[in-house]
Amino acid sequence: MIDAPPVIAIDGPSASGKGAISRRVADVLGFHLLDSGALYRIAGLMASREGLDLENGADVAKLLSELDILFESDGGAETIIRVNGVDVTTDVRRESTGELASRVAAQPEVRSALIGFQRSFRKAPGLVADGRDMGAVIFPDAQAKLFLTASPEERARRRHKQLKEKGISVNLAALSAEIAERDYRDRTRSVSPLRPAPDAEELDTTPLNIEQVVSRVLAFVEKKMPGLII
Ligand code: CDP
């Protein structure tokens, strides 16, 4: 039997740096990347555009089954997201879309509807999967599982900087409150609540910059899969 391609699961709360870290790690290893948060963002965005009740999981799941979702590289660091042929990248990345995502992500039907699509990203030579439940639910057999955290203050600061760089101005206090609310909803939902898989390595990134986190993650991957990094 041929072994399934390796998976590195990188989970953690909002603005813990998972996105940037996952991309770098995937680039270093030449692996594919799954930004699972983008899928929940697409679900929230499209459901809200269609005027659906975001708490009606069955309706949102049905809508998802009608969407053709495509991630395309722009040749640089960005990924272009197309839904039914339309570029929705900017709207998907908005802070307000994160809120819609967190609401639909609490619905079991929506989570189930996305399982198969997420698993289809597991292709040779391997996958870096970024999310909340990559290690615990979607890829329980992942070869390396990490759970990245950072203090709430540091996460609000990072998200503020990230949005400012994109020319989006947001108030730091409002952002902190929004992150805290999303954390609460993600941690307390009944299905796939945000928590580390039992076999995940937890890494507090509060005092670390991106390069330092990437080195720690790669060192952990090398420990789990000796010889993968040359
Ligand atoms: O990085 P940030 O938290 O802003 O956003 P994200 O990773 O794009 O995820 C947006 C929302 O989707 C999160 O707040 C979660 O509620 C949800 N999500 C999830 O439930 N499961 C995942 N695997 C990924 C995201």
# chains A, B, ... in the order shown; residues from 1 in each chain; ligands from 1
>>> closest_atom_pairs(of="chain A", to="ligand 1", cutoff="8 Å", atoms="only C-alpha atoms and all ligand atoms", output="CSV")
residue,atom,partner,partner_atom_place_in_ligand_line,distance
A:Asp11,CA,ligand 1,23 (N),7.7
A:Pro13,CA,ligand 1,3 (O),6.0
A:Ser14,CA,ligand 1,3 (O),3.2
A:Ala15,CA,ligand 1,1 (O),4.8
A:Ser16,CA,ligand 1,1 (O),7.2
A:Gly17,CA,ligand 1,1 (O),7.5
A:Lys18,CA,ligand 1,1 (O),7.1
A:Gly19,CA,ligand 1,1 (O),6.7
A:Asp35,CA,ligand 1,7 (O),7.3
A:Ser36,CA,ligand 1,24 (C),4.8
A:Gly37,CA,ligand 1,8 (O),3.4
A:Ala38,CA,ligand 1,8 (O),5.0
A:Leu39,CA,ligand 1,24 (C),7.5
A:Tyr40,CA,ligand 1,12 (O),4.9
A:Arg41,CA,ligand 1,10 (C),5.8
A:Arg93,CA,ligand 1,8 (O),7.5
A:Glu95,CA,ligand 1,4 (O),7.0
A:Thr97,CA,ligand 1,10 (C),7.8
A:Gly98,CA,ligand 1,10 (C),4.7
A:Glu99,CA,ligand 1,14 (O),6.7
A:Leu100,CA,ligand 1,11 (C),7.8
A:Ala101,CA,ligand 1,12 (O),4.6
A:Ser102,CA,ligand 1,16 (O),3.2
A:Arg103,CA,ligand 1,16 (O),6.6
A:Val104,CA,ligand 1,16 (O),7.6
A:Ala105,CA,ligand 1,20 (O),4.5
A:Ala106,CA,ligand 1,20 (O),6.7
A:Arg111,CA,ligand 1,20 (O),7.7
A:Asp130,CA,ligand 1,23 (N),6.9
A:Gly131,CA,ligand 1,23 (N),3.7
A:Arg132,CA,ligand 1,23 (N),4.1
A:Asp133,CA,ligand 1,23 (N),5.0
A:Met134,CA,ligand 1,23 (N),6.1
A:Arg159,CA,ligand 1,4 (O),8.0
A:Ile179,CA,ligand 1,3 (O),7.9
A:Arg182,CA,ligand 1,14 (O),5.5
A:Asp183,CA,ligand 1,14 (O),6.9
A:Arg185,CA,ligand 1,16 (O),7.2
A:Asp186,CA,ligand 1,16 (O),5.2
A:Ser192,CA,ligand 1,20 (O),7.5
A:Pro193,CA,ligand 1,20 (O),7.8
A:Leu194,CA,ligand 1,20 (O),7.6
>>> select_by_dssp(residues="region 58-130 of chain A", states="strand (DSSP E or B)", output="MDAnalysis selection string")
chainID A and resid 69:73 79:83 86:87 127:130
>>> write_last_selection(atoms="N, CA, C and O atoms", output="compact mmCIF listing (two decimals), in the first residue's frame")
# COMPACT_ATOMS: atom_id res chain seq x y z
N ILE A 69 -14.86 26.41 -5.83
CA ILE A 69 -13.83 27.20 -5.13
C ILE A 69 -12.46 26.87 -5.68
O ILE A 69 -12.09 25.70 -5.80
N LEU A 70 -11.71 27.92 -6.00
CA LEU A 70 -10.39 27.72 -6.61
C LEU A 70 -9.36 28.62 -5.93
O LEU A 70 -9.60 29.83 -5.76
N PHE A 71 -8.24 28.05 -5.52
CA PHE A 71 -7.12 28.83 -4.98
C PHE A 71 -6.05 28.87 -6.05
O PHE A 71 -5.64 27.82 -6.54
N GLU A 72 -5.61 30.08 -6.38
CA GLU A 72 -4.61 30.20 -7.45
C GLU A 72 -3.46 31.05 -6.95
O GLU A 72 -3.69 32.07 -6.31
N SER A 73 -2.24 30.66 -7.28
CA SER A 73 -1.10 31.48 -6.86
C SER A 73 -1.05 32.71 -7.77
O SER A 73 -1.36 32.62 -8.95
N THR A 79 -2.41 34.46 -2.54
CA THR A 79 -3.24 33.45 -3.20
C THR A 79 -4.52 34.15 -3.65
O THR A 79 -5.14 34.88 -2.88
N ILE A 80 -4.85 33.95 -4.90
CA ILE A 80 -6.10 34.52 -5.42
C ILE A 80 -7.20 33.48 -5.17
O ILE A 80 -7.02 32.30 -5.45
N ILE A 81 -8.31 33.95 -4.61
CA ILE A 81 -9.42 33.04 -4.33
C ILE A 81 -10.57 33.35 -5.30
O ILE A 81 -11.04 34.49 -5.37
N ARG A 82 -10.97 32.33 -6.06
CA ARG A 82 -12.09 32.51 -6.99
C ARG A 82 -13.25 31.61 -6.58
O ARG A 82 -13.04 30.45 -6.25
N VAL A 83 -14.43 32.20 -6.58
CA VAL A 83 -15.64 31.41 -6.31
C VAL A 83 -16.54 31.57 -7.52
O VAL A 83 -16.87 32.69 -7.92
N VAL A 86 -15.34 34.11 -9.95
CA VAL A 86 -15.18 35.52 -9.57
C VAL A 86 -14.12 35.67 -8.47
O VAL A 86 -14.11 34.91 -7.50
N ASP A 87 -13.21 36.63 -8.64
CA ASP A 87 -12.15 36.88 -7.66
C ASP A 87 -12.76 37.53 -6.40
O ASP A 87 -13.27 38.65 -6.45
N LEU A 127 1.59 18.18 2.51
CA LEU A 127 0.66 19.30 2.74
C LEU A 127 0.94 19.98 4.08
O LEU A 127 1.18 19.30 5.08
N VAL A 128 0.89 21.30 4.07
CA VAL A 128 0.85 22.05 5.32
C VAL A 128 -0.60 22.52 5.45
O VAL A 128 -1.13 23.20 4.57
N ALA A 129 -1.27 22.11 6.53
CA ALA A 129 -2.69 22.44 6.72
C ALA A 129 -2.84 23.41 7.88
O ALA A 129 -2.44 23.12 9.00
N ASP A 130 -3.42 24.59 7.57
CA ASP A 130 -3.53 25.67 8.55
C ASP A 130 -4.99 25.80 9.00
O ASP A 130 -5.88 25.88 8.16
>>> closest_atom_pairs(of="region 93-197 of chain A", to="region 58-66 of chain A", cutoff="9 Å", atoms="only C-alpha atoms", output="tab-separated table")
residue	atom	partner	partner_atom	distance
A:Val104	CA	A:Val60	CA	7.6
A:Gln107	CA	A:Ala58	CA	8.4
A:Pro108	CA	A:Ala58	CA	8.8
A:Glu109	CA	A:Ala58	CA	5.8
A:Val110	CA	A:Ala61	CA	4.9
A:Arg111	CA	A:Ala61	CA	8.3
A:Ser112	CA	A:Ala61	CA	8.3
A:Ala113	CA	A:Ala61	CA	5.8
A:Leu114	CA	A:Leu64	CA	8.3
>>> residues_around(residues="Leu172 (chain A)", least_positions_apart="3", cutoff="9 Å", atoms="only C-alpha atoms", output="list in words")
Ala156, Arg157, His160, Leu175, Ser176 and Ala177 of chain A
>>> write_last_selection(atoms="N, CA and C atoms", output="mmCIF file, in the first residue's frame")
data_model
loop_
_atom_site.group_PDB
_atom_site.id
_atom_site.type_symbol
_atom_site.label_atom_id
_atom_site.label_comp_id
_atom_site.auth_asym_id
_atom_site.auth_seq_id
_atom_site.Cartn_x
_atom_site.Cartn_y
_atom_site.Cartn_z
ATOM 1 N N ALA A 156 -3.667 40.779 18.925
ATOM 2 C CA ALA A 156 -4.377 41.980 18.459
ATOM 3 C C ALA A 156 -3.370 42.923 17.784
ATOM 4 N N ARG A 157 -2.174 43.019 18.370
ATOM 5 C CA ARG A 157 -1.144 43.898 17.802
ATOM 6 C C ARG A 157 -0.740 43.397 16.397
ATOM 7 N N HIS A 160 -3.502 44.043 13.880
ATOM 8 C CA HIS A 160 -3.583 45.483 13.631
ATOM 9 C C HIS A 160 -2.527 45.884 12.600
ATOM 10 N N LEU A 175 -10.473 45.851 17.847
ATOM 11 C CA LEU A 175 -9.913 44.622 17.281
ATOM 12 C C LEU A 175 -9.693 43.582 18.383
ATOM 13 N N SER A 176 -9.169 44.028 19.525
ATOM 14 C CA SER A 176 -8.941 43.111 20.655
ATOM 15 C C SER A 176 -10.254 42.489 21.085
ATOM 16 N N ALA A 177 -11.302 43.314 21.156
ATOM 17 C CA ALA A 177 -12.598 42.818 21.605
ATOM 18 C C ALA A 177 -13.132 41.803 20.596
#
>>> atom_distance(atom1="CA of Thr149 (chain A)", atom2="CA of Asp204 (chain A)")
4.9 Å
>>> select_by_dssp(residues="chain A", states="alpha helix (DSSP H)", output="PyMOL selection string")
chain A and resi 18-29+36-49+57-65+89-93+95-104+108-119+152-165+172-188+210-224
>>> residues_around(residues="Asp199 (chain A)", least_positions_apart="4", cutoff="10 Å", atoms="only C-alpha atoms", output="ChimeraX atom specification")
/A:135-136,140,142,144-147
